[in-house]
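Here's the structure we're looking at; comments come further down.
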Amino acid sequence: MKNALGRDVPGQPYLGLQAIKRIEYKQTKSDKEERKDKVHYDLGSFIKTLALEDNMTLSFHHHLRNGDFVMNQVMAEVAKSGVKNLTICASSIFPVHAPLVALIEQKTITKIIASYVSGPVADAISEGKVEEVCLLQTHGYRATSIMSEETPIDIAFIAAPACSPDGNITGSMGPSSCGVLGYAIADAWYAKQVVAVTDFLVDVLDPEIPSVCVDDIVKVDRIGDPDGIVSGTTKITRDPVGLRIAKLTSEFMKATGLLKNGFTFQTGAGGISLAVAKEIHELCLDENIKGKFASGGITSYLVKMLEDGVFEELYDVQCFELDAVESIKRNPNHHKMSAAKYADIHDPDNIVNQLDFVILGATEIDLDFNVNVTTGSDGRIMGGSGGHADTAYGAKFAIIVSKLVSSRISVVVDQVTTITTPGETVDVLVTDRGIAIHPRHQALIDHLKATTNLPIVEIQTLYQRALALTGIPEKTQNLGRIVALSQYRDGTILDVIRQIDNID
Amino acid sequence: MRIEKPAQAGTLESNDIYVQILPNPREEIEIRLKSVVMLQFGKQIRQVAMQTLNEKGITSCILNLEDKGALDYTIRARIESAVERSLC
């Protein structure tokens with residue numbers, strides 16, 4: 001069936017913003033009997049005691065990012081039990097999770113549900129090795145689908161940087177400290193069984209996940225590699241083209257009139273996004289503007305803005321850098337939040353709905369402003385929505401920042417390969433060769449053209465400018481089997497992702 | 001004109017192309033192309049390369065191209081540089 005964006009999809013099609021599906025939460029499963037002997041000291045023998053069955057769904061969180069040891073350790077032991085056809089519901093999967101590919105090939109794992117997948121597991125999905133159709137969800141919908149039991153979790157394995165012997169968990173202590181555990185909260189409250197995997201048993205006074213959620217605790221030597229947990233790649237771009245894009249973005253933001261006391265802001269950790277944060281930082285200090293909050297994944301740059309008084313508060317669902325982990329301990333206004341509080345469409349106080357501006361990237365954006373951050377232009381999976389579609393929906397201005405042409409590939413295309421974020425929620429594209437504003441903002445376009453020198457053009461103009469540089473790309477039509485679905489924040493289907501040949 | 005002496009131009013940076021030109025024992029042009037945009041622009045890159053060699057009057061060479069998404073004018077400039085370096 002064709003969805004509202006013209007894509008042929010199986011299951012429940014996306015019907016547009018006017019028809020967002022209502023979803024009911026189920027009861028949490030936290031009324032667990034309090035046991036004294038929750039702690040186990042050998043992962044292998046503990047997993048043998050679990051009532052593992054074929055077709056179960058096991059969940060994991062990604063706060064240890066590319067330094068995570070837990071999913072690999074647990075799945076290696078699970079595989080030894082001989083169970084088959086498991087679904088892995090992981091908030092994200094990184095290159096470090098390469099050992100899962102062997103388990104996919106031997107059918108221990110036959111389905112993957114995640115918000116972001118990169119590395120060998122992404123390739124395995126793209127190449128059709130995963131038997132069932134995988135789901136790529138937004139961060140918000142992952143929480144929604146667990147809380148509504150559209151994705152019922154049998155066992156949640158929670159990598160716990162610090163855990164008390166009765167099961168109180170925090171991300172803020174221990175050798176593998178990662179700050180926040182926002183993406184694991186729904187799993188902890190709704191999984192039938194919850195297993196904390198920790199390398200640091202200690203009294204926890206201020207838990208993010210309380211002991212009533214936790215059935216068992218397994219003490220292991222190491223749950224993660226600190227070098228992989230916090231990324232070292234979050235640096236402000238030094239590329240003059242990227243800096244120009246950042247400058248144009250901040251000028252656009254100022255021109256909207258919303259950059260005033262009490263403004264709210266989210267930006268990612270990409271080089272251009274950080275450069276935008278720097279522009280906004282300087283502008284706010286110069287003009288004495290104080291924002292209400294910044295949110296999302298928190299970088300050291302945002303911590304600096306908090307401590308310089310540019311923002312009153314930070315709402316943090318994921319620490320990108322060590323500075324953010326430390327900041328939570330010293331700054332009472334740096335709040336931890338769950339994925340649901342961040343982005344669940346049905347949470348009345350969700351943070352994304354309070355955003356004025358969000359700065360986002362794009363692999364592709366099309367003439368209808370639909371954005372792809374899920375696949376490359378060759379159709380290969382290389383990411384996923386994360387919070388992209390959630391924040392674009394919530395923010396008054398969802399601003400895509402990108403070079404117009406990079407390595408001969410135009411960011412503007414006639415139709416995106418995969419729809420991650422519908423164009424009806426995207427407002428502006430800022431490139432080095434002009435700013436395109438969605439035509440539903442005609443009054444703003446007229447106002448900015450009359451009152452500023454911003455290079456505002458139609459998105460078709462940017463497309464023509466790009467083609468003039470690159471030439472016309474050859475189209476390849478992919479008729480491979482459907483390997484994954486791009487799922488919107490209400491669970492409806494935006495698009496399909498097809499198998500690609502193993503080209504190297 | 002035959003290429004008698006190996007030469008190179010360009011880099012492996014994004015948006016650039018690394019070009020190596022070598023003698024070919026046979027009287028023909030052989031283009032070996034690797035590109036990050038092979039699917040979208042492979043044919044066009046070969047065409048531009050062949051055209052550039054024709055314009056320089058080259059009739060025999062092996063041209064190794066390792067493309068990192070260079071635009072046509074960059075491809076032309078890098079191939080011309082490699083040819084000039086080989087001829088001087």
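Quick note on naming: the chains in the structure tokens go A, B, ... in the order shown, residues restart at 1 in each chain, and ligands are numbered from 1 in order of appearance.
Once region 31-45 of chain B and its same-chain neighbours fewer than 4 positions away are set aside, Pro473, Glu474 and Lys475 of chain A; Ala49, Ile62, Leu63, Asn64, Leu65, Glu66, Asp67, Lys68 and Gly69 of chain B remain within 7 Å of it when counting only C-alpha atoms.
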Those residues you just picked out, can you put them in a file as a CSV table (one decimal), in the first residue's frame with N, CA, C and O atoms?
chain,number,residue,atom,x,y,z
A,473,PRO,N,23.5,12.1,-12.0
A,473,PRO,CA,23.8,10.8,-11.5
A,473,PRO,C,23.0,9.7,-12.2
A,473,PRO,O,21.8,10.0,-12.5
A,474,GLU,N,23.6,8.6,-12.5
A,474,GLU,CA,22.8,7.5,-13.0
A,474,GLU,C,21.9,6.9,-12.0
A,474,GLU,O,22.3,6.8,-10.8
A,475,LYS,N,20.7,6.6,-12.4
A,475,LYS,CA,19.8,6.0,-11.4
A,475,LYS,C,19.9,4.5,-11.4
A,475,LYS,O,20.1,3.9,-12.4
B,49,ALA,N,37.7,11.2,-18.8
B,49,ALA,CA,39.2,10.8,-18.8
B,49,ALA,C,39.6,10.5,-20.3
B,49,ALA,O,40.6,11.0,-20.7
B,62,ILE,N,48.4,3.4,-19.9
B,62,ILE,CA,47.5,2.8,-18.9
B,62,ILE,C,47.2,4.0,-17.9
B,62,ILE,O,48.1,4.7,-17.4
B,63,LEU,N,45.9,4.2,-17.7
B,63,LEU,CA,45.5,5.3,-16.8
B,63,LEU,C,44.8,4.7,-15.5
B,63,LEU,O,43.8,4.1,-15.7
B,64,ASN,N,45.5,4.8,-14.4
B,64,ASN,CA,44.9,4.4,-13.1
B,64,ASN,C,44.2,5.5,-12.5
B,64,ASN,O,44.9,6.5,-12.2
B,65,LEU,N,43.0,5.4,-12.2
B,65,LEU,CA,42.2,6.5,-11.5
B,65,LEU,C,41.7,6.0,-10.2
B,65,LEU,O,41.0,5.0,-10.2
B,66,GLU,N,42.0,6.7,-9.1
B,66,GLU,CA,41.4,6.4,-7.8
B,66,GLU,C,40.6,7.6,-7.4
B,66,GLU,O,41.2,8.6,-6.9
B,67,ASP,N,39.3,7.6,-7.6
B,67,ASP,CA,38.5,8.8,-7.5
B,67,ASP,C,37.8,8.9,-6.1
B,67,ASP,O,37.2,7.9,-5.6
B,68,LYS,N,37.9,10.0,-5.5
B,68,LYS,CA,37.2,10.2,-4.2
B,68,LYS,C,36.1,11.3,-4.4
B,68,LYS,O,35.9,12.1,-3.5
B,69,GLY,N,35.5,11.2,-5.5
B,69,GLY,CA,34.3,12.1,-5.7
B,69,GLY,C,34.7,13.5,-6.3
B,69,GLY,O,34.1,14.5,-6.0
Report task. Once DSSP has gone over the backbone, tell me which residues of chain B are in alpha helix (DSSP H), as number ranges by chain. Result -> B: 38-55, 72-87
Quick one: write out the picked residues with N, CA and C atoms as an mmCIF file, in the first residue's frame?
data_model
loop_
_atom_site.group_PDB
_atom_site.id
_atom_site.type_symbol
_atom_site.label_atom_id
_atom_site.label_comp_id
_atom_site.auth_asym_id
_atom_site.auth_seq_id
_atom_site.Cartn_x
_atom_site.Cartn_y
_atom_site.Cartn_z
ATOM 1 N N MET B 38 31.087 5.228 -8.158
ATOM 2 C CA MET B 38 31.089 4.378 -9.350
ATOM 3 C C MET B 38 29.686 4.176 -9.906
ATOM 4 N N LEU B 39 28.729 3.872 -8.996
ATOM 5 C CA LEU B 39 27.367 3.586 -9.460
ATOM 6 C C LEU B 39 26.765 4.788 -10.178
ATOM 7 N N GLN B 40 26.970 5.971 -9.596
ATOM 8 C CA GLN B 40 26.297 7.157 -10.114
ATOM 9 C C GLN B 40 27.054 7.803 -11.275
ATOM 10 N N PHE B 41 28.406 7.761 -11.217
ATOM 11 C CA PHE B 41 29.169 8.562 -12.176
ATOM 12 C C PHE B 41 30.285 7.797 -12.889
ATOM 13 N N GLY B 42 30.335 6.477 -12.728
ATOM 14 C CA GLY B 42 31.413 5.695 -13.325
ATOM 15 C C GLY B 42 31.586 5.953 -14.821
ATOM 16 N N LYS B 43 30.476 5.880 -15.553
ATOM 17 C CA LYS B 43 30.540 6.080 -17.008
ATOM 18 C C LYS B 43 31.043 7.469 -17.353
ATOM 19 N N GLN B 44 30.503 8.458 -16.615
ATOM 20 C CA GLN B 44 30.851 9.845 -16.918
ATOM 21 C C GLN B 44 32.335 10.111 -16.657
ATOM 22 N N ILE B 45 32.881 9.504 -15.598
ATOM 23 C CA ILE B 45 34.299 9.710 -15.288
ATOM 24 C C ILE B 45 35.173 9.121 -16.400
ATOM 25 N N ARG B 46 34.821 7.900 -16.868
ATOM 26 C CA ARG B 46 35.570 7.273 -17.967
ATOM 27 C C ARG B 46 35.545 8.146 -19.224
ATOM 28 N N GLN B 47 34.347 8.708 -19.479
ATOM 29 C CA GLN B 47 34.182 9.554 -20.657
ATOM 30 C C GLN B 47 35.086 10.784 -20.585
ATOM 31 N N VAL B 48 35.061 11.455 -19.419
ATOM 32 C CA VAL B 48 35.871 12.665 -19.246
ATOM 33 C C VAL B 48 37.354 12.320 -19.361
ATOM 34 N N ALA B 49 37.746 11.187 -18.800
ATOM 35 C CA ALA B 49 39.154 10.779 -18.839
ATOM 36 C C ALA B 49 39.580 10.530 -20.288
ATOM 37 N N MET B 50 38.753 9.798 -21.025
ATOM 38 C CA MET B 50 39.091 9.462 -22.410
ATOM 39 C C MET B 50 39.182 10.728 -23.248
ATOM 40 N N GLN B 51 38.218 11.623 -23.025
ATOM 41 C CA GLN B 51 38.188 12.877 -23.771
ATOM 42 C C GLN B 51 39.449 13.706 -23.496
ATOM 43 N N THR B 52 39.852 13.753 -22.220
ATOM 44 C CA THR B 52 41.038 14.537 -21.863
ATOM 45 C C THR B 52 42.291 13.969 -22.537
ATOM 46 N N LEU B 53 42.411 12.636 -22.528
ATOM 47 C CA LEU B 53 43.574 12.007 -23.166
ATOM 48 C C LEU B 53 43.553 12.276 -24.670
ATOM 49 N N ASN B 54 42.372 12.186 -25.275
ATOM 50 C CA ASN B 54 42.254 12.465 -26.709
ATOM 51 C C ASN B 54 42.694 13.890 -27.027
ATOM 52 N N GLU B 55 42.232 14.827 -26.187
ATOM 53 C CA GLU B 55 42.590 16.231 -26.421
ATOM 54 C C GLU B 55 44.093 16.451 -26.305
ATOM 55 N N ASP B 72 34.176 17.052 -12.550
ATOM 56 C CA ASP B 72 34.790 16.866 -13.874
ATOM 57 C C ASP B 72 36.029 17.746 -14.092
ATOM 58 N N TYR B 73 35.939 19.040 -13.685
ATOM 59 C CA TYR B 73 37.091 19.918 -13.943
ATOM 60 C C TYR B 73 38.324 19.485 -13.168
ATOM 61 N N THR B 74 38.114 18.906 -11.982
ATOM 62 C CA THR B 74 39.245 18.385 -11.205
ATOM 63 C C THR B 74 39.843 17.168 -11.914
ATOM 64 N N ILE B 75 38.977 16.305 -12.418
ATOM 65 C CA ILE B 75 39.447 15.095 -13.115
ATOM 66 C C ILE B 75 40.291 15.507 -14.322
ATOM 67 N N ARG B 76 39.767 16.455 -15.106
ATOM 68 C CA ARG B 76 40.510 16.927 -16.286
ATOM 69 C C ARG B 76 41.858 17.488 -15.872
ATOM 70 N N ALA B 77 41.853 18.358 -14.851
ATOM 71 C CA ALA B 77 43.092 19.031 -14.431
ATOM 72 C C ALA B 77 44.119 18.021 -13.939
ATOM 73 N N ARG B 78 43.680 17.025 -13.171
ATOM 74 C CA ARG B 78 44.617 16.035 -12.627
ATOM 75 C C ARG B 78 45.206 15.175 -13.753
ATOM 76 N N ILE B 79 44.356 14.796 -14.724
ATOM 77 C CA ILE B 79 44.867 13.962 -15.824
ATOM 78 C C ILE B 79 45.840 14.774 -16.676
ATOM 79 N N GLU B 80 45.483 16.022 -16.968
ATOM 80 C CA GLU B 80 46.390 16.884 -17.743
ATOM 81 C C GLU B 80 47.738 17.021 -17.044
ATOM 82 N N SER B 81 47.698 17.242 -15.716
ATOM 83 C CA SER B 81 48.958 17.378 -14.967
ATOM 84 C C SER B 81 49.801 16.123 -15.103
ATOM 85 N N ALA B 82 49.172 14.959 -14.956
ATOM 86 C CA ALA B 82 49.912 13.702 -15.040
ATOM 87 C C ALA B 82 50.529 13.558 -16.433
ATOM 88 N N VAL B 83 49.771 13.893 -17.479
ATOM 89 C CA VAL B 83 50.285 13.789 -18.856
ATOM 90 C C VAL B 83 51.472 14.735 -19.039
ATOM 91 N N GLU B 84 51.298 15.988 -18.601
ATOM 92 C CA GLU B 84 52.380 16.967 -18.760
ATOM 93 C C GLU B 84 53.636 16.514 -18.017
ATOM 94 N N ARG B 85 53.450 15.980 -16.824
ATOM 95 C CA ARG B 85 54.613 15.512 -16.044
ATOM 96 C C ARG B 85 55.300 14.355 -16.748
ATOM 97 N N SER B 86 54.527 13.501 -17.374
ATOM 98 C CA SER B 86 55.101 12.360 -18.077
ATOM 99 C C SER B 86 55.880 12.822 -19.298
ATOM 100 N N LEU B 87 55.380 13.857 -19.953
ATOM 101 C CA LEU B 87 55.984 14.292 -21.214
ATOM 102 C C LEU B 87 57.214 15.175 -21.004
#
Report the closest atom pair, with its distance in Å rounded to one decimal, for each residue of chain A that has an atom no farther than 12 Å from chain B; count only C-alpha atoms, sort by chain and then rising residue number, and write it as a Markdown table.
| residue | atom | partner | partner_atom | distance |
| --- | --- | --- | --- | --- |
| A:Gly376 | CA | B:Val37 | CA | 11.2 |
| A:Ser377 | CA | B:Gln40 | CA | 9.2 |
| A:Asp378 | CA | B:Leu39 | CA | 7.7 |
| A:Gly379 | CA | B:Leu39 | CA | 11.3 |
| A:Val405 | CA | B:Asn15 | CA | 9.4 |
| A:Ser406 | CA | B:Asn15 | CA | 6.9 |
| A:Ser407 | CA | B:Gly69 | CA | 3.8 |
| A:Arg408 | CA | B:Gly69 | CA | 4.7 |
| A:Ile409 | CA | B:Gly69 | CA | 7.5 |
| A:Ser410 | CA | B:Gly69 | CA | 10.8 |
| A:Ala466 | CA | B:Leu71 | CA | 11.0 |
| A:Leu467 | CA | B:Leu71 | CA | 10.8 |
| A:Ala468 | CA | B:Leu71 | CA | 10.3 |
| A:Leu469 | CA | B:Leu71 | CA | 6.8 |
| A:Thr470 | CA | B:Leu71 | CA | 6.0 |
| A:Gly471 | CA | B:Phe41 | CA | 8.2 |
| A:Ile472 | CA | B:Phe41 | CA | 8.0 |
| A:Pro473 | CA | B:Gln40 | CA | 4.6 |
| A:Glu474 | CA | B:Gln40 | CA | 4.6 |
| A:Lys475 | CA | B:Gln40 | CA | 6.7 |
| A:Thr476 | CA | B:Leu39 | CA | 7.6 |
| A:Gln477 | CA | B:Leu39 | CA | 11.1 |
| A:Ile503 | CA | B:Leu39 | CA | 10.3 |
| A:Asp504 | CA | B:Val36 | CA | 10.2 |
Neighbour list for Thr418 (chain A) as a PyMOL selection string, cut-off 9 Å, only C-alpha atoms, skip fewer than 4 positions in-chain: chain A and resi 364+370-377+379+486+494-497
Atoms to include: N, CA, C and O atoms. Write the selected residues as a tab-separated table (two decimals), in the first residue's frame.
chain	number	residue	atom	x	y	z
A	364	GLU	N	20.70	12.83	2.47
A	364	GLU	CA	19.96	13.32	1.31
A	364	GLU	C	18.75	14.10	1.80
A	364	GLU	O	18.17	13.78	2.84
A	370	ASN	N	11.81	15.80	2.33
A	370	ASN	CA	12.01	14.54	3.04
A	370	ASN	C	13.51	14.33	3.23
A	370	ASN	O	14.30	14.65	2.33
A	371	VAL	N	13.90	13.78	4.39
A	371	VAL	CA	15.33	13.60	4.69
A	371	VAL	C	15.66	12.13	4.87
A	371	VAL	O	14.87	11.36	5.44
A	372	ASN	N	16.84	11.75	4.39
A	372	ASN	CA	17.38	10.42	4.61
A	372	ASN	C	18.65	10.52	5.46
A	372	ASN	O	19.59	11.22	5.08
A	373	VAL	N	18.65	9.88	6.63
A	373	VAL	CA	19.90	9.68	7.37
A	373	VAL	C	20.08	8.19	7.68
A	373	VAL	O	20.89	7.81	8.51
A	374	THR	N	19.31	7.35	6.99
A	374	THR	CA	19.32	5.92	7.28
A	374	THR	C	20.27	5.17	6.36
A	374	THR	O	21.04	4.32	6.81
A	375	THR	N	20.20	5.47	5.07
A	375	THR	CA	21.05	4.76	4.11
A	375	THR	C	21.90	5.74	3.33
A	375	THR	O	21.59	6.93	3.24
A	376	GLY	N	22.98	5.23	2.74
A	376	GLY	CA	23.74	6.01	1.78
A	376	GLY	C	22.92	6.11	0.49
A	376	GLY	O	21.88	5.45	0.36
A	377	SER	N	23.41	6.88	-0.46
A	377	SER	CA	22.65	7.01	-1.70
A	377	SER	C	22.69	5.70	-2.50
A	377	SER	O	21.93	5.52	-3.44
A	379	GLY	N	21.88	2.97	-1.03
A	379	GLY	CA	20.88	2.13	-0.38
A	379	GLY	C	21.41	1.32	0.79
A	379	GLY	O	20.66	0.60	1.44
A	486	SER	N	11.62	1.57	7.70
A	486	SER	CA	11.85	2.82	8.40
A	486	SER	C	10.54	3.21	9.07
A	486	SER	O	9.54	3.45	8.40
A	494	LEU	N	7.31	4.51	7.11
A	494	LEU	CA	7.68	5.59	6.19
A	494	LEU	C	8.23	5.04	4.89
A	494	LEU	O	7.99	5.60	3.83
A	495	ASP	N	8.99	3.95	4.99
A	495	ASP	CA	9.69	3.50	3.79
A	495	ASP	C	10.24	2.09	4.00
A	495	ASP	O	10.27	1.59	5.12
A	496	VAL	N	10.67	1.49	2.90
A	496	VAL	CA	11.31	0.17	2.97
A	496	VAL	C	12.78	0.31	2.60
A	496	VAL	O	13.16	1.22	1.86
A	497	ILE	N	13.60	-0.59	3.13
A	497	ILE	CA	15.02	-0.64	2.78
A	497	ILE	C	15.25	-2.01	2.16
A	497	ILE	O	14.83	-3.03	2.73
Please, which residues in region 120-193 of chain A fall within 10 Å of region 35-44 of chain A when counting only C-alpha atoms, and what is the closest atom pair and distance in Å to one decimal for each, ordered by chain then residue number, as CSV?
residue,atom,partner,partner_atom,distance
A:Ser164,CA,A:Val39,CA,9.4
A:Pro165,CA,A:Val39,CA,6.4
A:Asp166,CA,A:Lys38,CA,6.6
A:Gly167,CA,A:Lys38,CA,7.7
Resulting file, chosen residues, all heavy atoms, as a PDB file, in the first residue's frame:
ATOM      1  N   SER A 164      23.954  -1.286  42.816  1.00  0.00           N
ATOM      2  CA  SER A 164      24.008  -1.713  44.208  1.00  0.00           C
ATOM      3  C   SER A 164      23.616  -3.191  44.273  1.00  0.00           C
ATOM      4  O   SER A 164      22.973  -3.693  43.343  1.00  0.00           O
ATOM      5  CB  SER A 164      23.069  -0.869  45.061  1.00  0.00           C
ATOM      6  OG  SER A 164      21.730  -1.220  44.769  1.00  0.00           O
ATOM      7  N   PRO A 165      23.965  -3.886  45.364  1.00  0.00           N
ATOM      8  CA  PRO A 165      23.656  -5.326  45.439  1.00  0.00           C
ATOM      9  C   PRO A 165      22.160  -5.620  45.378  1.00  0.00           C
ATOM     10  O   PRO A 165      21.765  -6.738  45.043  1.00  0.00           O
ATOM     11  CB  PRO A 165      24.243  -5.731  46.790  1.00  0.00           C
ATOM     12  CG  PRO A 165      25.307  -4.728  47.061  1.00  0.00           C
ATOM     13  CD  PRO A 165      24.821  -3.441  46.472  1.00  0.00           C
ATOM     14  N   ASP A 166      21.296  -4.628  45.656  1.00  0.00           N
ATOM     15  CA  ASP A 166      19.869  -4.907  45.506  1.00  0.00           C
ATOM     16  C   ASP A 166      19.320  -4.430  44.159  1.00  0.00           C
ATOM     17  O   ASP A 166      18.145  -4.610  43.865  1.00  0.00           O
ATOM     18  CB  ASP A 166      19.061  -4.311  46.668  1.00  0.00           C
ATOM     19  CG  ASP A 166      19.368  -2.840  46.886  1.00  0.00           C
ATOM     20  OD1 ASP A 166      20.331  -2.345  46.263  1.00  0.00           O
ATOM     21  OD2 ASP A 166      18.644  -2.188  47.646  1.00  0.00           O
ATOM     22  N   GLY A 167      20.176  -3.780  43.325  1.00  0.00           N
ATOM     23  CA  GLY A 167      19.754  -3.496  41.959  1.00  0.00           C
ATOM     24  C   GLY A 167      19.463  -2.045  41.631  1.00  0.00           C
ATOM     25  O   GLY A 167      18.802  -1.758  40.637  1.00  0.00           O
TER      26      GLY A 167
END
As a PyMOL selection string, please: every residue in region 107-314 of chain A that a backbone DSSP assignment puts in strand (DSSP E). chain A and resi 109-114+134-136+155-160+162-163+169-170+193-198+216-219+264-267+291-298+311-314
As a check of understanding: the span from CA of Leu135 (chain A) to CA of Ser148 (chain A) is 16.2 Å
- Task: Can you pull out every residue within 10 Å of Gln499 (chain A), counting only C-alpha atoms, but drop anything in the same chain fewer than 6 positions away, and send it as a PyMOL selection string?
- Result: chain A and resi 123-129+379-381+478-484
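As for CA of Ala188 (chain A) and CA of Asp215 (chain A), they are spaced 9.9 Å apart.
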Judged by only C-alpha atoms, the minimum distance to Gln318 (chain A) among A:Leu429, A:Ala184, A:Ile158, A:Cys284 is found for A:Ala184
Close residues, Asp206 (chain A) itself excluded, 9 Å, only C-alpha atoms, min 5 positions apart in chain, as a PDB file with N, CA and C atoms, in the first residue's frame:
ATOM      1  N   ASN A 168      19.937  -1.107  42.436  1.00  0.00           N
ATOM      2  CA  ASN A 168      19.820   0.303  42.052  1.00  0.00           C
ATOM      3  C   ASN A 168      20.943   0.658  41.085  1.00  0.00           C
ATOM      4  N   ILE A 169      20.567   1.218  39.927  1.00  0.00           N
ATOM      5  CA  ILE A 169      21.553   1.432  38.860  1.00  0.00           C
ATOM      6  C   ILE A 169      21.724   2.919  38.571  1.00  0.00           C
ATOM      7  N   THR A 170      22.991   3.325  38.362  1.00  0.00           N
ATOM      8  CA  THR A 170      23.262   4.679  37.862  1.00  0.00           C
ATOM      9  C   THR A 170      24.351   4.617  36.793  1.00  0.00           C
TER      10      THR A 170
END
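Considering the residues A:Lys111, A:Arg222, A:His388, A:Lys192 and counting only C-alpha atoms, Pro152 (chain A) has its shortest atom-to-atom contact with A:Lys192.
Using only C-alpha atoms, the contacts of Lys341 (chain A) at a cut-off of 10 Å, with sequence neighbours closer than 3 positions omitted, comprise Gly140, Ala143, Gly182, Tyr315, Val317, Lys336, Met337, Ser338, Asp344, Ile345, His346, Asp347, Pro348, Asp349, Asn350, Ile351 and Val352 of chain A.
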Let's have the selection written as a CSV table (one decimal), in the first residue's frame, with N, CA, C and O atoms.
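Resulting contents of out-v1.csv:
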chain,number,residue,atom,x,y,z
A,140,GLY,N,12.3,8.0,20.1
A,140,GLY,CA,11.0,8.2,20.8
A,140,GLY,C,10.1,7.0,20.6
A,140,GLY,O,9.6,6.4,21.6
A,143,ALA,N,10.9,3.8,22.7
A,143,ALA,CA,10.3,3.8,24.1
A,143,ALA,C,8.8,3.6,24.0
A,143,ALA,O,8.3,2.7,24.7
A,182,GLY,N,19.4,7.1,29.7
A,182,GLY,CA,18.1,7.4,29.2
A,182,GLY,C,17.4,6.4,28.3
A,182,GLY,O,16.2,6.2,28.4
A,315,TYR,N,18.9,19.2,29.2
A,315,TYR,CA,18.2,17.9,29.3
A,315,TYR,C,18.9,16.8,28.5
A,315,TYR,O,19.0,17.0,27.3
A,317,VAL,N,19.9,13.0,27.3
A,317,VAL,CA,19.5,11.6,27.2
A,317,VAL,C,20.6,10.7,26.9
A,317,VAL,O,20.6,9.5,26.9
A,336,LYS,N,19.3,14.4,33.8
A,336,LYS,CA,19.1,13.2,33.1
A,336,LYS,C,17.7,13.1,32.6
A,336,LYS,O,16.8,13.5,33.4
A,337,MET,N,17.5,12.5,31.5
A,337,MET,CA,16.1,12.2,31.1
A,337,MET,C,16.0,10.9,30.4
A,337,MET,O,17.0,10.4,29.8
A,338,SER,N,14.8,10.3,30.4
A,338,SER,CA,14.6,9.0,29.7
A,338,SER,C,14.3,9.3,28.3
A,338,SER,O,13.9,10.4,27.9
A,344,ASP,N,9.0,10.7,23.4
A,344,ASP,CA,7.8,9.9,23.2
A,344,ASP,C,6.7,10.8,22.8
A,344,ASP,O,6.3,11.7,23.6
A,345,ILE,N,6.1,10.5,21.7
A,345,ILE,CA,5.1,11.4,21.1
A,345,ILE,C,3.9,11.5,22.0
A,345,ILE,O,3.2,12.5,22.0
A,346,HIS,N,3.7,10.5,22.9
A,346,HIS,CA,2.5,10.6,23.8
A,346,HIS,C,2.8,11.1,25.2
A,346,HIS,O,1.8,11.2,26.0
A,347,ASP,N,4.0,11.4,25.5
A,347,ASP,CA,4.3,12.0,26.8
A,347,ASP,C,4.0,13.5,26.6
A,347,ASP,O,4.5,14.3,25.8
A,348,PRO,N,3.0,14.0,27.5
A,348,PRO,CA,2.6,15.4,27.3
A,348,PRO,C,3.7,16.4,27.5
A,348,PRO,O,3.6,17.5,27.0
A,349,ASP,N,4.7,16.1,28.3
A,349,ASP,CA,5.8,17.0,28.6
A,349,ASP,C,7.0,16.7,27.8
A,349,ASP,O,8.1,17.1,28.2
A,350,ASN,N,6.9,16.0,26.7
A,350,ASN,CA,8.2,15.6,26.1
A,350,ASN,C,9.0,16.8,25.6
A,350,ASN,O,8.4,17.8,25.3
A,351,ILE,N,10.3,16.6,25.7
A,351,ILE,CA,11.2,17.7,25.5
A,351,ILE,C,11.2,18.2,24.1
A,351,ILE,O,11.2,19.4,23.8
A,352,VAL,N,11.2,17.2,23.1
A,352,VAL,CA,11.3,17.7,21.7
A,352,VAL,C,10.2,18.6,21.3
A,352,VAL,O,10.4,19.5,20.5
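Here CA of Ala98 (chain A) is placed at a distance of 9.8 Å from CA of Ser118 (chain A).
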Q: Skip Glu28 (chain B) itself and residues of its chain fewer than 3 positions away, then list as a ChimeraX atom specification all residues within 8 Å of it, counting only C-alpha atoms.
A: /B:24,59-61
